[in-house]
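> Can you keep this structure in mind? I'll have questions shortly.
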2 protein chains.
Amino acid sequence: MKKPHAFVTGIAGFAGSWLAEELLASGFTVSGTLAPGEPTRNIRHLESGLRLITLDILDQKKCRRTIARLKPDYIFHLAAIASVGESFQKERLTFHINFDGTLNVLDAAREVRRLKALLFVSSPEVYGRFRPVNKTLKEDHPFAPISPYGISKAAAENACQYYFRQHRLPVLIARAFNHGGPRQSDSFAIPSFARQVAAIEAGKQRPIVKVGDLSARRDLSDVRDIVRGYRLAATRGKAGEVYQLCSGKTVPIKSVVADLVAMSSRKIRIQTDQSRLRKADIPVLRGSNRKATQRLGYTIRYSLKDTLADTLDYWRTELGATPGD
Amino acid sequence: MKKPHAFVTGIAGFAGSWLAEELLASGFTVSGTLAPGEPTRNIRHLESGLRLITLDILDQKKCRRTIARLKPDYIFHLAAIASVGESFQKERLTFHINFDGTLNVLDAAREVRRLKALLFVSSPEVYGRFRPVNKTLKEDHPFAPISPYGISKAAAENACQYYFRQHRLPVLIARAFNHGGPRQSDSFAIPSFARQVAAIEAGKQRPIVKVGDLSARRDLSDVRDIVRGYRLAATRGKAGEVYQLCSGKTVPIKSVVADLVAMSSRKIRIQTDQSRLRKADIPVLRGSNRKATQRLGYTIRYSLKDTLADTLDYWRTELGATPGD
């Protein structure tokens, strides 16, 4: 039997690179796109097994030609401005890449005759602020996005549902809650802490981890669980459906920092630096993974401790640190 | 005292032309934009009193330059693909004009130092389908848009609120429910019926009015009330707020046709032609105008009978019909 072919936009990104591994390990042929000039370090160890294409997702014609030529069985659309914080600095670009880029992929996908599924990766940022603050969010929670990132993802989700209803495109949506792991950019919270601990161990930083607002509670998953969820959603999910991928529990960000510091043998202080991180708009973010668990057989294999330890080890390697130093 | 200056995008459109009259009558200096090649017939009778600019709302630079040069006190952003039906035929253009066009206006407005208000015109299409079907909609009803038009307006509203919160831009939103009157394109229901009655009176059509799905109930207003609402929202409303403009009652579309036919002395049959109009996705659409009434002093001056009679007279003039013929 011919291997199924999966096409991943944003394949060299954090989640994209782990998804590529997940798909290769599950017997897929994998191709994917890089943004022009995007570094390939996240997928360097996989490169011989991947077909890589440089594609500006805003290039409507090339997007169409690329997908028409490859005729994938599955499309995983991950290419995006993926950071909420960055989206405040790059509003227009975020709207453009995350919304128009998705429309380009949707339009291109319409021309693939035997497409089995197009998975769109979204986020609980579409929900915005809500009451009560400690509510457990389910897939049917209404949209009220507040960040440019959330606004762009909400618009793109609405467009995905429209293409499903109007054009019978087999689109599925995964709403992935916060997730971490090796390779994540240190503009996100966990790697920013892990990188500092590793930098201290490598003698590149004084023994002080600088942190921003730690008052929030987040539903944290390992990226390797999340990308397995993407594969399961695309292969077992139902077109037109939305699946939340999350742990179902929250942890205080404060304890994430404490755990990372405790993983080091160094004596490290934690110091608040309000300029570092924007104030969390949403104090508690917790999802229900019941639908993904029941309908997709989604399970959680990595503990938060695994995620933090592996992330710290990644940054140790990056910075040439040794834990015992 | 210097007259306040109002800048209206889409000034030659249906609502735009009535808004221009409303603003002129209320003591404003009025300027406005036409799309390249757009006919000016709706505003020909006003042209000496207006400053008109041809502007492709997607031309970000020119949009910025135009607004920077005019320095209006008020901006009314009406330029849009305004027909839900048309939006299904022109998905990408609708997303582009209604969302990116609005972003262009928002960005340009940020550079007007003394801007008093930017009114964005939206629609209950942002709500999509809802339960129970006969619910009276209020401003806080969640978004779940289904048409490209509704998706584009929801995204644009979210962006408006973002610019208000993030950039302190004095944006207000008017969600106008269905409205009719002279000059409305006959791709909409009321003028399509009125035009046919006038065409029959002018001897240009057999005495049969062809209609589509008439099962829906709609909350119908006169365009002249609606544009007064736009003025009131901009001058009396509070930045960041949304005001629904509507009658608060619904009428069956069936009775609109019957009323128009009864206004003619001709014997006219009504015939269903399912190919004519798309099936109504939303069986009943009724809004509450309580907030606009209480906070803006919004009142309804035109009865549905006025609207229908004036619309019919408009089409009689257009087609050279005489009621008594």
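Residues are referred to by chain and number: the chain letter is A, B, ... according to the order shown in the structure tokens, the number counts from 1 in that chain, and ligands are numbered separately from 1 in the order shown.
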At a cut-off of 12 Å, using only C-alpha atoms, what residues contact His45 in chain B? Leave out same-chain residues fewer than 3 positions from it and give the result as a PyMOL selection string.
chain B and resi 12+17-18+20-21+40-42+48-50
> Which of range 85-188 of chain A end up as strand (DSSP E or B) when DSSP is run on this backbone - answer as a list in words?
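So, restricting range 85-188 of chain A to strand (DSSP E or B), we get Ala117, Leu118, Leu119, Phe120, Val121, Ser122, Thr136, Leu137, Phe143, Val171, Leu172, Ile173, Ala174, Arg175, Ala176, His179 and Gly180 of chain A.
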> Keeping only C-alpha atoms, write the selected residues to a file as an mmCIF file, in the first residue's frame.

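File out-v6.cif, as written:
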data_model
loop_
_atom_site.group_PDB
_atom_site.id
_atom_site.type_symbol
_atom_site.label_atom_id
_atom_site.label_comp_id
_atom_site.auth_asym_id
_atom_site.auth_seq_id
_atom_site.Cartn_x
_atom_site.Cartn_y
_atom_site.Cartn_z
ATOM 1 C CA ALA A 117 -8.341 16.090 5.678
ATOM 2 C CA LEU A 118 -7.043 19.595 6.165
ATOM 3 C CA LEU A 119 -6.165 20.245 9.793
ATOM 4 C CA PHE A 120 -6.144 23.875 10.862
ATOM 5 C CA VAL A 121 -4.279 24.656 14.057
ATOM 6 C CA SER A 122 -6.041 27.168 16.246
ATOM 7 C CA THR A 136 -13.152 24.995 32.068
ATOM 8 C CA LEU A 137 -13.454 25.812 28.378
ATOM 9 C CA PHE A 143 -15.416 33.604 20.459
ATOM 10 C CA VAL A 171 -11.473 20.781 7.292
ATOM 11 C CA LEU A 172 -10.885 19.968 10.950
ATOM 12 C CA ILE A 173 -9.761 22.338 13.660
ATOM 13 C CA ALA A 174 -7.439 21.597 16.566
ATOM 14 C CA ARG A 175 -7.475 24.197 19.319
ATOM 15 C CA ALA A 176 -4.180 23.610 21.060
ATOM 16 C CA HIS A 179 2.375 23.662 25.031
ATOM 17 C CA GLY A 180 6.094 23.565 25.434
#
> Would you please extract all alpha helix (DSSP H) residues from range 122-246 of chain B, as assigned by DSSP on the backbone, and give them as a ChimeraX atom specification?
/B:148-167,189-201,223-236
> Keeping only C-alpha atoms, take the residues you just selected and write them out as a compact mmCIF listing (two decimals), in the first residue's frame.

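Printed below is selection-v2.txt as written:
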# COMPACT_ATOMS: atom_id res chain seq x y z
CA PRO B 148 -18.40 35.47 4.08
CA TYR B 149 -20.06 38.84 4.72
CA GLY B 150 -20.72 37.98 8.38
CA ILE B 151 -17.25 36.50 8.84
CA SER B 152 -15.65 39.64 7.41
CA LYS B 153 -17.75 41.96 9.57
CA ALA B 154 -17.06 39.92 12.72
CA ALA B 155 -13.31 40.07 12.07
CA ALA B 156 -13.54 43.80 11.36
CA GLU B 157 -15.55 44.42 14.56
CA ASN B 158 -12.97 42.52 16.58
CA ALA B 159 -10.26 44.65 14.99
CA CYS B 160 -12.22 47.85 15.77
CA GLN B 161 -12.48 46.87 19.42
CA TYR B 162 -8.80 46.04 19.44
CA TYR B 163 -7.87 49.47 18.03
CA PHE B 164 -10.08 51.06 20.68
CA ARG B 165 -8.46 49.13 23.54
CA GLN B 166 -4.89 49.06 22.29
CA HIS B 167 -4.58 52.39 20.51
CA ALA B 189 -35.29 41.77 -1.44
CA ILE B 190 -37.46 44.90 -1.04
CA PRO B 191 -36.15 46.74 -4.12
CA SER B 192 -36.26 43.56 -6.17
CA PHE B 193 -40.00 43.33 -5.46
CA ALA B 194 -40.59 47.09 -5.87
CA ARG B 195 -38.68 47.15 -9.15
CA GLN B 196 -40.82 44.34 -10.53
CA VAL B 197 -44.06 46.08 -9.57
CA ALA B 198 -42.81 49.28 -11.24
CA ALA B 199 -41.67 47.31 -14.31
CA ILE B 200 -45.14 45.79 -14.57
CA GLU B 201 -46.73 49.26 -14.30
CA VAL B 223 -32.55 53.71 5.62
CA ARG B 224 -33.27 57.31 6.68
CA ASP B 225 -33.79 56.20 10.27
CA ILE B 226 -30.69 54.02 10.12
CA VAL B 227 -28.37 56.80 8.89
CA ARG B 228 -29.74 59.14 11.57
CA GLY B 229 -28.72 56.37 13.95
CA TYR B 230 -25.20 56.45 12.48
CA ARG B 231 -24.99 60.18 13.13
CA LEU B 232 -26.35 59.82 16.66
CA ALA B 233 -23.96 56.97 17.44
CA ALA B 234 -20.95 58.98 16.24
CA THR B 235 -21.93 62.19 18.03
CA ARG B 236 -23.62 60.90 21.19
> Can you pull out the residues contacting Leu260 in chain B? Cut-off 8 Å, using only C-alpha atoms, and skip same-chain residues under 3 positions away; I want them as a PDB file with N, CA and C atoms, in the first residue's frame.

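Okay, part-v3.pdb is ready:
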ATOM      1  N   PHE B 193     -38.542  43.406  -5.307  1.00  0.00           N
ATOM      2  CA  PHE B 193     -40.001  43.333  -5.456  1.00  0.00           C
ATOM      3  C   PHE B 193     -40.544  44.654  -6.026  1.00  0.00           C
ATOM      4  N   ALA B 194     -40.084  45.774  -5.454  1.00  0.00           N
ATOM      5  CA  ALA B 194     -40.586  47.090  -5.872  1.00  0.00           C
ATOM      6  C   ALA B 194     -40.282  47.345  -7.346  1.00  0.00           C
ATOM      7  N   VAL B 197     -42.744  45.439  -9.522  1.00  0.00           N
ATOM      8  CA  VAL B 197     -44.064  46.082  -9.565  1.00  0.00           C
ATOM      9  C   VAL B 197     -44.011  47.290 -10.500  1.00  0.00           C
ATOM     10  N   VAL B 256     -44.370  41.843   2.950  1.00  0.00           N
ATOM     11  CA  VAL B 256     -43.733  42.965   2.250  1.00  0.00           C
ATOM     12  C   VAL B 256     -44.116  42.922   0.771  1.00  0.00           C
ATOM     13  N   VAL B 257     -44.042  41.730   0.195  1.00  0.00           N
ATOM     14  CA  VAL B 257     -44.426  41.565  -1.214  1.00  0.00           C
ATOM     15  C   VAL B 257     -45.894  41.916  -1.391  1.00  0.00           C
ATOM     16  N   MET B 263     -50.051  48.187  -3.346  1.00  0.00           N
ATOM     17  CA  MET B 263     -49.857  49.624  -3.620  1.00  0.00           C
ATOM     18  C   MET B 263     -50.037  49.942  -5.100  1.00  0.00           C
ATOM     19  N   SER B 264     -50.143  48.920  -5.908  1.00  0.00           N
ATOM     20  CA  SER B 264     -50.336  49.134  -7.339  1.00  0.00           C
ATOM     21  C   SER B 264     -51.796  48.888  -7.693  1.00  0.00           C
ATOM     22  N   LEU B 308     -41.832  51.348   1.953  1.00  0.00           N
ATOM     23  CA  LEU B 308     -42.243  50.607   0.760  1.00  0.00           C
ATOM     24  C   LEU B 308     -42.783  51.557  -0.303  1.00  0.00           C
ATOM     25  N   ALA B 309     -43.607  52.518   0.105  1.00  0.00           N
ATOM     26  CA  ALA B 309     -44.183  53.465  -0.862  1.00  0.00           C
ATOM     27  C   ALA B 309     -43.078  54.290  -1.528  1.00  0.00           C
ATOM     28  N   LEU B 312     -41.090  52.086  -3.905  1.00  0.00           N
ATOM     29  CA  LEU B 312     -41.855  51.834  -5.134  1.00  0.00           C
ATOM     30  C   LEU B 312     -41.837  53.070  -6.029  1.00  0.00           C
TER      31      LEU B 312
END
> In Å, how far is it from CA of Arg129 in chain A to CA of Gly16 in chain A?
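Rounded to one decimal, the two atoms are 28.0 Å apart.
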> Show which residues sit within 10 Å of Asp222 in chain A, as a list in words. Count only C-alpha atoms, and ignore same-chain residues fewer than 3 positions away.
Asn178, His179, Gly180, Gly181, Pro182, Asp225, Ile226, Val227, Cys246, Ser247, Ile300, Arg301, Tyr302, Ser303, Leu304, Lys305, Asp306, Thr307, Leu308, Asp310 and Thr311 of chain A
> Might you pull out every residue within 9 Å of Lys267 in chain B, with only C-alpha atoms counted and same-chain residues fewer than 5 positions away left off, and present them as a ChimeraX atom specification?
/B:207-208,261-262
